[in-house]
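Asks: Got a structure here, written out as structure tokens. Questions coming.
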2 protein chains.
Amino acid sequence: MKIELAESYGFCFGVKRAIKIAEENPGSATLGPLIHNNMEIARLKRDFNVSLVESLDDVKPGSATVIRTHGIPKNDLKELLAKNTKVIDATCPFVTKPQQIVEEMSQEGYDIVIFGDKNHPEIKGVMSYATGPVYAVLSIEDLEKIHLRERVAVIAQTTRKIEEYNKIVNWLVPRHKEVRVFNTICNATFENQDAAKELAKRADVMIVVGGKQSSNTKQLHSICKSFCPDSYHIESKDELQKEWFDGKKLCGVTAGASTPEWIIEEIIGKIREFKV
Amino acid sequence: MKIELAESYGFCFGVKRAIKIAEENPGSATLGPLIHNNMEIARLKRDFNVSLVESLDDVKPGSATVIRTHGIPKNDLKELLAKNTKVIDATCPFVTKPQQIVEEMSQEGYDIVIFGDKNHPEIKGVMSYATGPVYAVLSIEDLEKIHLRERVAVIAQTTRKIEEYNKIVNWLVPRHKEVRVFNTICNATFENQDAAKELAKRADVMIVVGGKQSSNTKQLHSICKSFCPDSYHIESKDELQKEWFDGKKLCGVTAGASTPEWIIEEIIGKIREFKV
């Protein structure tokens with residue numbers, strides 16, 4: 001049986017980069033969990049002595065602090081820089097960009113609309129860079145409640161869907177003289193989905209790796225199942241069953257966005273051991 | 001019987017303004033017809049000695065030349081200014097604005113997309129202000145044929161529909177880092193339609209005034225007919241028939257975008273004479 005990995009799977013560019021940064025800074029502490037995967041956080045602690053602090057108050061003097069992919073609000077960064085800590089910025093470049101756009105557009109006098117969740121850390125950080133009016137909206141109903149001036153700049157949370165973003169833009173264009181639309185959506189999630197679909201169409205059996213609670217892994221599994229009925233969602237190699245692979249010619253493997261590479265490698269190793 | 005004019009009808013703001021400018025400059029010549037209505041052009045000639053020249057070559061030395069609402073290409077303006085003629089600019093401000101936007105956005109390095117007809121005088125004029133790449137498109141198919149860089153500025157011909165404009169924007173947003181959307185659509189046509197509809201709902205008889213070939217007048221008539229079956233499309237007072245008004249309580253009047261005020265006044269005068 002041939003084993004084939006999806007063209008795109010697992011960690012996105014920003015998370016891979018943040019983990020590399022953490023590994024290059026042994027003994028540092030991340031401000032908030034670097035990733036929603038406890039096994040990976042445990043590995044960073046064990047192999048690189050990278051620990052976790054939950055809030056600014058917990059940052060220790062003389063330490064090194066890693067800012068995670070989400071970024072942090074401008075004032076938190078100021079506070080962090082004022083502390084006796086080495087600041088290591090692992091903010092995803094796809095998040096730094098909207099922060100810069102918001103800062104610039106505010107300075108140029110645009111009202112800012114962010115298509116995203118105001119309670120999400122990424123959006124809290126991005127919003128903090130506005131020096132003028134800024135609003136986070138999730139729907140047309142949210143837009144109807146706010147009053148915007150003639151010139152509006154719009155950005156989107158990196159994980160939003162473009163179709164939904166266009167609905168926001170469509171509502172704004174007829175109502176304003178100028179709408180400056182920045183495409184700040186990151187395609188990583190959709191790239192994993194597209195690649196999983198393409199592979200599931202050809203595979204006899206699909207293994208989808210990721211936390212049982214992870215919504216993006218569940219979505220990947222659901223997509224795979226609709227193209228390849230023998231699709232299994234597992235968290236670790238211990239769940240694999242030899243009979244799943246009996247008589248199969250092509251086994252596809254993909255993984256959710258919070259699944260570390262080494263877990264995927266372990267699983268592929270175990271499948272190979274079945275010698276199907 | 002009560003006679004009521006639609007809240008909005010006839011000439012748009014830009015045409016009214018251009019006619020006033022022509023009237024204030026007796027003896028001048030317009031470069032191209034000021035309006036698609038021969039009776040109005042004849043009136044301007046008769047009452048204000050405003051004549052018509054068809055092309056730049058026909059501009060007479062020592063004359064005064066009126067630029068019509070559509071505007072003219074930048075090079076034509078240059079040529080005109082170099083001639084021994086007084087240039088009187090009656091370009092509609094809603095057309096001057098997109099000309100300025102195109103010039104500025106070109107200078108700032110944006111590729112320019114114009115949603116409009118490249119053969120229309122307005123668009124020929126607007127396009128001429130670009131100093132970099134500029135494309136006039138009417139459909140997604142047109143967009144697919146061109147190659148645009150990362151930052152795009154978009155404007156629309158003043159008479160386009162906003163829903164169609166949004167389709168162009170929706171195609172561009174996912175494909176570019178920044179799409180700067182300027183709402184250059186003028187609502188005059190739609191305001192006449194909305195007002196006609198509102199009045200037709202209440203009227204017992206509707207008189208729609210305008211050229212029999214005028215597409216916007218035909219559209220107004222069709223809208224009126226669907227709300228008020230006794231709707232008549234006429235060009236002049238001679239077509240009015242007394243029996244149309246027998247037993248009616250409210251007569252609504254509207255007019256196409258090229259219909260001069262004095263024709264409407266004549267028609268209302270004639271209806272009053274019926275003493276219904």
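Residues are referred to by chain and number: the chain letter is A, B, ... according to the order shown in the structure tokens, the number counts from 1 in that chain, and ligands are numbered separately from 1 in the order shown.
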Pull the strand (DSSP E or B) assignments for range 77-250 of chain A out of DSSP run on the backbone, and list those residues as a VMD selection string.

Replies: chain A and resid 85 to 89 111 to 115 134 to 137 151 to 156 178 to 182 205 to 209 231 to 234 250

Asks: Any chance you can output those residues with N, CA and C atoms as an mmCIF file, in the first residue's frame?

Replies:
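Wrote part.cif, looks like this:
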data_model
loop_
_atom_site.group_PDB
_atom_site.id
_atom_site.type_symbol
_atom_site.label_atom_id
_atom_site.label_comp_id
_atom_site.auth_asym_id
_atom_site.auth_seq_id
_atom_site.Cartn_x
_atom_site.Cartn_y
_atom_site.Cartn_z
ATOM 1 N N THR A 85 12.577 42.145 30.413
ATOM 2 C CA THR A 85 12.497 40.866 29.696
ATOM 3 C C THR A 85 12.947 41.072 28.259
ATOM 4 N N LYS A 86 13.526 40.043 27.658
ATOM 5 C CA LYS A 86 13.889 40.114 26.240
ATOM 6 C C LYS A 86 12.621 39.750 25.462
ATOM 7 N N VAL A 87 12.174 40.653 24.586
ATOM 8 C CA VAL A 87 10.931 40.382 23.848
ATOM 9 C C VAL A 87 11.255 39.728 22.504
ATOM 10 N N ILE A 88 10.686 38.533 22.291
ATOM 11 C CA ILE A 88 10.904 37.798 21.034
ATOM 12 C C ILE A 88 9.556 37.745 20.313
ATOM 13 N N ASP A 89 9.477 38.408 19.164
ATOM 14 C CA ASP A 89 8.170 38.568 18.505
ATOM 15 C C ASP A 89 7.931 37.465 17.478
ATOM 16 N N ASP A 111 -12.100 55.730 8.563
ATOM 17 C CA ASP A 111 -12.750 54.932 9.599
ATOM 18 C C ASP A 111 -12.428 53.475 9.273
ATOM 19 N N ILE A 112 -12.177 52.678 10.318
ATOM 20 C CA ILE A 112 -11.731 51.304 10.072
ATOM 21 C C ILE A 112 -12.804 50.292 10.435
ATOM 22 N N VAL A 113 -13.068 49.374 9.513
ATOM 23 C CA VAL A 113 -13.970 48.261 9.798
ATOM 24 C C VAL A 113 -13.146 46.975 9.725
ATOM 25 N N ILE A 114 -13.243 46.176 10.782
ATOM 26 C CA ILE A 114 -12.546 44.881 10.790
ATOM 27 C C ILE A 114 -13.609 43.786 10.770
ATOM 28 N N PHE A 115 -13.552 42.929 9.768
ATOM 29 C CA PHE A 115 -14.474 41.794 9.725
ATOM 30 C C PHE A 115 -13.877 40.695 10.582
ATOM 31 N N VAL A 134 -12.627 52.759 15.029
ATOM 32 C CA VAL A 134 -12.406 51.379 14.566
ATOM 33 C C VAL A 134 -13.534 50.496 15.107
ATOM 34 N N TYR A 135 -14.046 49.620 14.254
ATOM 35 C CA TYR A 135 -15.167 48.766 14.630
ATOM 36 C C TYR A 135 -14.899 47.346 14.158
ATOM 37 N N ALA A 136 -15.139 46.372 15.036
ATOM 38 C CA ALA A 136 -15.089 44.971 14.606
ATOM 39 C C ALA A 136 -16.523 44.518 14.386
ATOM 40 N N VAL A 137 -16.797 43.949 13.213
ATOM 41 C CA VAL A 137 -18.158 43.503 12.891
ATOM 42 C C VAL A 137 -18.122 42.061 12.401
ATOM 43 N N ARG A 151 -15.054 57.909 4.109
ATOM 44 C CA ARG A 151 -13.940 57.080 3.648
ATOM 45 C C ARG A 151 -13.669 55.975 4.669
ATOM 46 N N VAL A 152 -13.770 54.735 4.175
ATOM 47 C CA VAL A 152 -13.684 53.586 5.065
ATOM 48 C C VAL A 152 -12.598 52.625 4.576
ATOM 49 N N ALA A 153 -11.784 52.141 5.494
ATOM 50 C CA ALA A 153 -10.826 51.078 5.163
ATOM 51 C C ALA A 153 -11.305 49.797 5.841
ATOM 52 N N VAL A 154 -11.223 48.687 5.123
ATOM 53 C CA VAL A 154 -11.739 47.420 5.644
ATOM 54 C C VAL A 154 -10.651 46.353 5.624
ATOM 55 N N ILE A 155 -10.545 45.622 6.709
ATOM 56 C CA ILE A 155 -9.650 44.464 6.736
ATOM 57 C C ILE A 155 -10.411 43.282 7.324
ATOM 58 N N ALA A 156 -9.876 42.082 7.155
ATOM 59 C CA ALA A 156 -10.550 40.887 7.672
ATOM 60 C C ALA A 156 -9.625 40.110 8.591
ATOM 61 N N GLU A 178 -15.582 56.147 -0.634
ATOM 62 C CA GLU A 178 -14.424 55.293 -0.895
ATOM 63 C C GLU A 178 -14.370 54.161 0.120
ATOM 64 N N VAL A 179 -14.188 52.952 -0.383
ATOM 65 C CA VAL A 179 -13.998 51.801 0.497
ATOM 66 C C VAL A 179 -12.681 51.138 0.090
ATOM 67 N N ARG A 180 -11.736 51.181 0.991
ATOM 68 C CA ARG A 180 -10.406 50.671 0.693
ATOM 69 C C ARG A 180 -10.309 49.270 1.284
ATOM 70 N N VAL A 181 -10.361 48.273 0.411
ATOM 71 C CA VAL A 181 -10.485 46.889 0.863
ATOM 72 C C VAL A 181 -9.123 46.195 0.854
ATOM 73 N N PHE A 182 -8.676 45.757 2.012
ATOM 74 C CA PHE A 182 -7.417 45.015 2.103
ATOM 75 C C PHE A 182 -7.722 43.534 2.277
ATOM 76 N N VAL A 205 -8.331 4.812 1.590
ATOM 77 C CA VAL A 205 -8.527 5.035 3.029
ATOM 78 C C VAL A 205 -7.829 6.353 3.390
ATOM 79 N N MET A 206 -8.495 7.135 4.255
ATOM 80 C CA MET A 206 -7.924 8.437 4.656
ATOM 81 C C MET A 206 -7.759 8.468 6.166
ATOM 82 N N ILE A 207 -6.581 8.909 6.607
ATOM 83 C CA ILE A 207 -6.336 9.107 8.036
ATOM 84 C C ILE A 207 -6.233 10.614 8.290
ATOM 85 N N VAL A 208 -7.135 11.102 9.152
ATOM 86 C CA VAL A 208 -7.156 12.528 9.477
ATOM 87 C C VAL A 208 -6.679 12.684 10.912
ATOM 88 N N VAL A 209 -5.552 13.353 11.111
ATOM 89 C CA VAL A 209 -4.929 13.423 12.433
ATOM 90 C C VAL A 209 -5.201 14.769 13.094
ATOM 91 N N SER A 231 -12.742 6.983 5.932
ATOM 92 C CA SER A 231 -11.916 8.051 6.494
ATOM 93 C C SER A 231 -12.003 7.989 8.009
ATOM 94 N N TYR A 232 -10.840 8.066 8.683
ATOM 95 C CA TYR A 232 -10.807 7.944 10.141
ATOM 96 C C TYR A 232 -10.141 9.155 10.785
ATOM 97 N N HIS A 233 -10.779 9.684 11.818
ATOM 98 C CA HIS A 233 -10.240 10.813 12.572
ATOM 99 C C HIS A 233 -9.581 10.269 13.841
ATOM 100 N N ILE A 234 -8.251 10.406 13.930
ATOM 101 C CA ILE A 234 -7.545 9.892 15.122
ATOM 102 C C ILE A 234 -6.640 10.963 15.728
ATOM 103 N N LEU A 250 -4.116 2.834 -1.775
ATOM 104 C CA LEU A 250 -3.591 4.173 -1.472
ATOM 105 C C LEU A 250 -4.181 4.682 -0.159
#

Asks: List every residue of chain B that has an atom at most 9 Å from any atom of chain A, and for each one report the closest atom pair and its distance in Å to one decimal, counting only C-alpha atoms, with rows sorted by chain and then by increasing residue number, as JSON lines.

Replies:
{"residue": "B:Ala153", "atom": "CA", "partner": "A:Arg180", "partner_atom": "CA", "distance": 8.7}
{"residue": "B:Ile162", "atom": "CA", "partner": "A:Pro174", "partner_atom": "CA", "distance": 6.6}
{"residue": "B:Glu163", "atom": "CA", "partner": "A:Asn170", "partner_atom": "CA", "distance": 8.3}
{"residue": "B:Asn166", "atom": "CA", "partner": "A:Asn170", "partner_atom": "CA", "distance": 5.8}
{"residue": "B:Lys167", "atom": "CA", "partner": "A:Asn170", "partner_atom": "CA", "distance": 8.6}
{"residue": "B:Val169", "atom": "CA", "partner": "A:Asn170", "partner_atom": "CA", "distance": 8.2}
{"residue": "B:Asn170", "atom": "CA", "partner": "A:Asn166", "partner_atom": "CA", "distance": 5.8}
{"residue": "B:Val173", "atom": "CA", "partner": "A:Asn183", "partner_atom": "CA", "distance": 6.4}
{"residue": "B:Pro174", "atom": "CA", "partner": "A:Ile162", "partner_atom": "CA", "distance": 6.6}
{"residue": "B:Arg175", "atom": "CA", "partner": "A:Asn183", "partner_atom": "CA", "distance": 8.3}
{"residue": "B:His176", "atom": "CA", "partner": "A:Asn183", "partner_atom": "CA", "distance": 6.7}
{"residue": "B:Lys177", "atom": "CA", "partner": "A:Asn183", "partner_atom": "CA", "distance": 5.0}
{"residue": "B:Glu178", "atom": "CA", "partner": "A:Phe182", "partner_atom": "CA", "distance": 4.5}
{"residue": "B:Val179", "atom": "CA", "partner": "A:Val181", "partner_atom": "CA", "distance": 5.0}
{"residue": "B:Arg180", "atom": "CA", "partner": "A:Arg180", "partner_atom": "CA", "distance": 4.3}
{"residue": "B:Val181", "atom": "CA", "partner": "A:Val179", "partner_atom": "CA", "distance": 5.0}
{"residue": "B:Phe182", "atom": "CA", "partner": "A:Glu178", "partner_atom": "CA", "distance": 4.5}
{"residue": "B:Asn183", "atom": "CA", "partner": "A:Lys177", "partner_atom": "CA", "distance": 5.0}
{"residue": "B:Thr184", "atom": "CA", "partner": "A:Lys177", "partner_atom": "CA", "distance": 7.4}
{"residue": "B:Ile185", "atom": "CA", "partner": "A:Pro174", "partner_atom": "CA", "distance": 8.6}

Asks: Extract, using only C-alpha atoms, all DNA, RNA and protein residues at most 7 Å from Phe48 in chain A, discarding same-chain residues fewer than 4 positions from it, and format them as a PyMOL selection string.

Replies: chain A and resi 23+26-27+44

Asks: Taking N, CA and C atoms for each residue, export the selection above as a CSV table (one decimal), in the first residue's frame.

Replies:
chain,number,residue,atom,x,y,z
A,23,GLU,N,11.9,27.3,19.6
A,23,GLU,CA,13.1,26.3,19.7
A,23,GLU,C,14.4,27.0,19.7
A,26,PRO,N,15.7,28.7,23.7
A,26,PRO,CA,15.5,27.8,24.9
A,26,PRO,C,15.5,28.6,26.1
A,27,GLY,N,14.7,28.2,27.1
A,27,GLY,CA,14.6,28.9,28.4
A,27,GLY,C,13.6,30.1,28.3
A,44,LEU,N,7.9,21.3,23.8
A,44,LEU,CA,8.8,22.5,23.8
A,44,LEU,C,9.4,22.7,25.2

Asks: Name the closest residue to Pro73 in chain B among the candidates B:Met127, B:Leu34, B:Ala22, B:Cys186; distances are taken between atoms, counting only C-alpha atoms.

Replies: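 Closest residue, counting only C-alpha atoms: B:Met127.
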
Asks: Using only C-alpha atoms, determine which residues lie at most 10 Å from range 219-230 of chain A, disregarding the query and same-chain residues fewer than 2 positions distant; provide the list as a PDB file with N, CA, C and O atoms, in the first residue's frame.

Replies:
ATOM      1  N   TYR A   9      -1.050  20.345   4.823  1.00  0.00           N
ATOM      2  CA  TYR A   9      -1.664  19.730   6.008  1.00  0.00           C
ATOM      3  C   TYR A   9      -1.019  20.331   7.254  1.00  0.00           C
ATOM      4  O   TYR A   9       0.059  20.936   7.193  1.00  0.00           O
ATOM      5  N   THR A 189      -6.016  27.538   6.094  1.00  0.00           N
ATOM      6  CA  THR A 189      -7.086  26.597   6.440  1.00  0.00           C
ATOM      7  C   THR A 189      -7.706  25.999   5.182  1.00  0.00           C
ATOM      8  O   THR A 189      -7.952  24.797   5.102  1.00  0.00           O
ATOM      9  N   PHE A 190      -7.955  26.875   4.198  1.00  0.00           N
ATOM     10  CA  PHE A 190      -8.632  26.432   2.987  1.00  0.00           C
ATOM     11  C   PHE A 190      -7.689  25.599   2.123  1.00  0.00           C
ATOM     12  O   PHE A 190      -8.119  24.673   1.462  1.00  0.00           O
ATOM     13  N   ASN A 192      -5.424  23.499   3.321  1.00  0.00           N
ATOM     14  CA  ASN A 192      -5.488  22.149   3.891  1.00  0.00           C
ATOM     15  C   ASN A 192      -6.752  21.432   3.416  1.00  0.00           C
ATOM     16  O   ASN A 192      -6.716  20.248   3.065  1.00  0.00           O
ATOM     17  N   GLN A 193      -7.878  22.152   3.395  1.00  0.00           N
ATOM     18  CA  GLN A 193      -9.149  21.545   2.985  1.00  0.00           C
ATOM     19  C   GLN A 193      -9.113  21.132   1.511  1.00  0.00           C
ATOM     20  O   GLN A 193      -9.544  20.032   1.155  1.00  0.00           O
ATOM     21  N   ASP A 194      -8.610  22.021   0.675  1.00  0.00           N
ATOM     22  CA  ASP A 194      -8.551  21.720  -0.764  1.00  0.00           C
ATOM     23  C   ASP A 194      -7.660  20.512  -1.029  1.00  0.00           C
ATOM     24  O   ASP A 194      -8.005  19.644  -1.830  1.00  0.00           O
ATOM     25  N   ALA A 195      -6.513  20.483  -0.340  1.00  0.00           N
ATOM     26  CA  ALA A 195      -5.572  19.386  -0.544  1.00  0.00           C
ATOM     27  C   ALA A 195      -6.161  18.068  -0.040  1.00  0.00           C
ATOM     28  O   ALA A 195      -5.985  17.014  -0.667  1.00  0.00           O
ATOM     29  N   ALA A 196      -6.874  18.106   1.101  1.00  0.00           N
ATOM     30  CA  ALA A 196      -7.493  16.894   1.661  1.00  0.00           C
ATOM     31  C   ALA A 196      -8.536  16.345   0.682  1.00  0.00           C
ATOM     32  O   ALA A 196      -8.605  15.133   0.430  1.00  0.00           O
ATOM     33  N   LYS A 197      -9.312  17.226   0.109  1.00  0.00           N
ATOM     34  CA  LYS A 197     -10.359  16.851  -0.843  1.00  0.00           C
ATOM     35  C   LYS A 197      -9.738  16.165  -2.066  1.00  0.00           C
ATOM     36  O   LYS A 197     -10.189  15.095  -2.490  1.00  0.00           O
ATOM     37  N   GLU A 198      -8.699  16.787  -2.580  1.00  0.00           N
ATOM     38  CA  GLU A 198      -8.040  16.265  -3.780  1.00  0.00           C
ATOM     39  C   GLU A 198      -7.499  14.854  -3.520  1.00  0.00           C
ATOM     40  O   GLU A 198      -7.661  13.941  -4.342  1.00  0.00           O
ATOM     41  N   LEU A 199      -6.892  14.685  -2.328  1.00  0.00           N
ATOM     42  CA  LEU A 199      -6.305  13.383  -1.982  1.00  0.00           C
ATOM     43  C   LEU A 199      -7.400  12.347  -1.707  1.00  0.00           C
ATOM     44  O   LEU A 199      -7.312  11.192  -2.155  1.00  0.00           O
ATOM     45  N   ALA A 200      -8.454  12.755  -0.970  1.00  0.00           N
ATOM     46  CA  ALA A 200      -9.541  11.834  -0.594  1.00  0.00           C
ATOM     47  C   ALA A 200     -10.230  11.262  -1.834  1.00  0.00           C
ATOM     48  O   ALA A 200     -10.704  10.129  -1.836  1.00  0.00           O
ATOM     49  N   LYS A 201     -10.264  12.042  -2.901  1.00  0.00           N
ATOM     50  CA  LYS A 201     -10.901  11.598  -4.149  1.00  0.00           C
ATOM     51  C   LYS A 201     -10.182  10.382  -4.731  1.00  0.00           C
ATOM     52  O   LYS A 201     -10.792   9.540  -5.371  1.00  0.00           O
ATOM     53  N   ARG A 202      -8.841  10.311  -4.485  1.00  0.00           N
ATOM     54  CA  ARG A 202      -8.046   9.252  -5.077  1.00  0.00           C
ATOM     55  C   ARG A 202      -7.773   8.099  -4.109  1.00  0.00           C
ATOM     56  O   ARG A 202      -7.478   6.982  -4.521  1.00  0.00           O
ATOM     57  N   ALA A 203      -7.864   8.393  -2.782  1.00  0.00           N
ATOM     58  CA  ALA A 203      -7.439   7.405  -1.776  1.00  0.00           C
ATOM     59  C   ALA A 203      -8.510   6.345  -1.513  1.00  0.00           C
ATOM     60  O   ALA A 203      -9.699   6.573  -1.696  1.00  0.00           O
ATOM     61  N   ASP A 204      -8.051   5.151  -1.044  1.00  0.00           N
ATOM     62  CA  ASP A 204      -8.974   4.082  -0.633  1.00  0.00           C
ATOM     63  C   ASP A 204      -9.291   4.214   0.854  1.00  0.00           C
ATOM     64  O   ASP A 204     -10.315   3.749   1.329  1.00  0.00           O
ATOM     65  N   VAL A 205      -8.331   4.812   1.590  1.00  0.00           N
ATOM     66  CA  VAL A 205      -8.527   5.035   3.029  1.00  0.00           C
ATOM     67  C   VAL A 205      -7.829   6.353   3.390  1.00  0.00           C
ATOM     68  O   VAL A 205      -6.763   6.657   2.861  1.00  0.00           O
ATOM     69  N   MET A 206      -8.495   7.135   4.255  1.00  0.00           N
ATOM     70  CA  MET A 206      -7.924   8.437   4.656  1.00  0.00           C
ATOM     71  C   MET A 206      -7.759   8.468   6.166  1.00  0.00           C
ATOM     72  O   MET A 206      -8.689   8.144   6.910  1.00  0.00           O
ATOM     73  N   ILE A 207      -6.581   8.909   6.607  1.00  0.00           N
ATOM     74  CA  ILE A 207      -6.336   9.107   8.036  1.00  0.00           C
ATOM     75  C   ILE A 207      -6.233  10.614   8.290  1.00  0.00           C
ATOM     76  O   ILE A 207      -5.392  11.291   7.710  1.00  0.00           O
ATOM     77  N   VAL A 208      -7.135  11.102   9.152  1.00  0.00           N
ATOM     78  CA  VAL A 208      -7.156  12.528   9.477  1.00  0.00           C
ATOM     79  C   VAL A 208      -6.679  12.684  10.912  1.00  0.00           C
ATOM     80  O   VAL A 208      -7.318  12.186  11.843  1.00  0.00           O
ATOM     81  N   VAL A 209      -5.552  13.353  11.111  1.00  0.00           N
ATOM     82  CA  VAL A 209      -4.929  13.423  12.433  1.00  0.00           C
ATOM     83  C   VAL A 209      -5.201  14.769  13.094  1.00  0.00           C
ATOM     84  O   VAL A 209      -4.993  15.823  12.475  1.00  0.00           O
ATOM     85  N   GLY A 210      -5.669  14.726  14.352  1.00  0.00           N
ATOM     86  CA  GLY A 210      -5.898  15.986  15.072  1.00  0.00           C
ATOM     87  C   GLY A 210      -6.759  15.769  16.297  1.00  0.00           C
ATOM     88  O   GLY A 210      -7.414  14.716  16.426  1.00  0.00           O
ATOM     89  N   SER A 214     -10.915  19.489  18.040  1.00  0.00           N
ATOM     90  CA  SER A 214     -10.473  20.513  17.090  1.00  0.00           C
ATOM     91  C   SER A 214     -11.478  20.667  15.943  1.00  0.00           C
ATOM     92  O   SER A 214     -11.711  19.735  15.173  1.00  0.00           O
ATOM     93  N   SER A 215     -12.079  21.841  15.850  1.00  0.00           N
ATOM     94  CA  SER A 215     -13.152  22.019  14.861  1.00  0.00           C
ATOM     95  C   SER A 215     -12.607  21.954  13.435  1.00  0.00           C
ATOM     96  O   SER A 215     -13.273  21.433  12.543  1.00  0.00           O
ATOM     97  N   ASN A 216     -11.381  22.451  13.209  1.00  0.00           N
ATOM     98  CA  ASN A 216     -10.888  22.397  11.836  1.00  0.00           C
ATOM     99  C   ASN A 216     -10.529  20.965  11.429  1.00  0.00           C
ATOM    100  O   ASN A 216     -10.670  20.594  10.269  1.00  0.00           O
ATOM    101  N   THR A 217     -10.114  20.116  12.416  1.00  0.00           N
ATOM    102  CA  THR A 217      -9.842  18.708  12.097  1.00  0.00           C
ATOM    103  C   THR A 217     -11.149  17.978  11.790  1.00  0.00           C
ATOM    104  O   THR A 217     -11.229  17.179  10.847  1.00  0.00           O
ATOM    105  N   TYR A 232     -10.840   8.066   8.683  1.00  0.00           N
ATOM    106  CA  TYR A 232     -10.807   7.944  10.141  1.00  0.00           C
ATOM    107  C   TYR A 232     -10.141   9.155  10.785  1.00  0.00           C
ATOM    108  O   TYR A 232      -9.082   9.591  10.335  1.00  0.00           O
ATOM    109  N   HIS A 233     -10.779   9.684  11.818  1.00  0.00           N
ATOM    110  CA  HIS A 233     -10.240  10.813  12.572  1.00  0.00           C
ATOM    111  C   HIS A 233      -9.581  10.269  13.841  1.00  0.00           C
ATOM    112  O   HIS A 233     -10.262   9.754  14.727  1.00  0.00           O
ATOM    113  N   ILE A 234      -8.251  10.406  13.930  1.00  0.00           N
ATOM    114  CA  ILE A 234      -7.545   9.892  15.122  1.00  0.00           C
ATOM    115  C   ILE A 234      -6.640  10.963  15.728  1.00  0.00           C
ATOM    116  O   ILE A 234      -6.250  11.912  15.054  1.00  0.00           O
ATOM    117  N   TRP A 244      -8.201  -1.610   8.919  1.00  0.00           N
ATOM    118  CA  TRP A 244      -8.619  -0.469   8.094  1.00  0.00           C
ATOM    119  C   TRP A 244      -7.895  -0.470   6.741  1.00  0.00           C
ATOM    120  O   TRP A 244      -8.390   0.069   5.765  1.00  0.00           O
ATOM    121  N   PHE A 245      -6.707  -1.043   6.740  1.00  0.00           N
ATOM    122  CA  PHE A 245      -5.842  -0.935   5.563  1.00  0.00           C
ATOM    123  C   PHE A 245      -5.832  -2.177   4.678  1.00  0.00           C
ATOM    124  O   PHE A 245      -5.233  -2.176   3.613  1.00  0.00           O
ATOM    125  N   CYS A 251      -3.275   4.977   0.799  1.00  0.00           N
ATOM    126  CA  CYS A 251      -3.699   5.546   2.086  1.00  0.00           C
ATOM    127  C   CYS A 251      -3.319   7.030   2.098  1.00  0.00           C
ATOM    128  O   CYS A 251      -2.140   7.378   1.987  1.00  0.00           O
ATOM    129  N   GLY A 252      -4.318   7.884   2.209  1.00  0.00           N
ATOM    130  CA  GLY A 252      -4.050   9.324   2.290  1.00  0.00           C
ATOM    131  C   GLY A 252      -3.939   9.760   3.737  1.00  0.00           C
ATOM    132  O   GLY A 252      -4.622   9.237   4.606  1.00  0.00           O
ATOM    133  N   THR A 254      -3.789  13.318   6.240  1.00  0.00           N
ATOM    134  CA  THR A 254      -3.808  14.766   6.416  1.00  0.00           C
ATOM    135  C   THR A 254      -3.927  15.063   7.908  1.00  0.00           C
ATOM    136  O   THR A 254      -4.086  14.133   8.710  1.00  0.00           O
ATOM    137  N   ALA A 255      -3.821  16.345   8.280  1.00  0.00           N
ATOM    138  CA  ALA A 255      -3.838  16.685   9.701  1.00  0.00           C
ATOM    139  C   ALA A 255      -4.392  18.095   9.912  1.00  0.00           C
ATOM    140  O   ALA A 255      -4.216  18.970   9.063  1.00  0.00           O
ATOM    141  N   GLY A 256      -5.048  18.270  11.044  1.00  0.00           N
ATOM    142  CA  GLY A 256      -5.605  19.577  11.416  1.00  0.00           C
ATOM    143  C   GLY A 256      -4.501  20.595  11.677  1.00  0.00           C
ATOM    144  O   GLY A 256      -3.321  20.242  11.802  1.00  0.00           O
ATOM    145  N   ALA A 257      -4.897  21.848  11.788  1.00  0.00           N
ATOM    146  CA  ALA A 257      -3.951  22.961  11.849  1.00  0.00           C
ATOM    147  C   ALA A 257      -3.120  23.009  13.128  1.00  0.00           C
ATOM    148  O   ALA A 257      -2.123  23.718  13.200  1.00  0.00           O
TER     149      ALA A 257
END

Asks: Enumerate the residues of range 179-219 of chain B with a DSSP assignment of helix (DSSP H, G or I), computed from the backbone, and present them as a VMD selection string.

Replies: chain B and resid 188 to 202 215 to 219

Asks: Which is closest to Ser236 in chain A among A:Ser28, A:Thr259, A:Ser63, A:Asn49, if we use only C-alpha atoms?

Replies: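 Closest to Ser236 in chain A, using only C-alpha atoms: A:Thr259.
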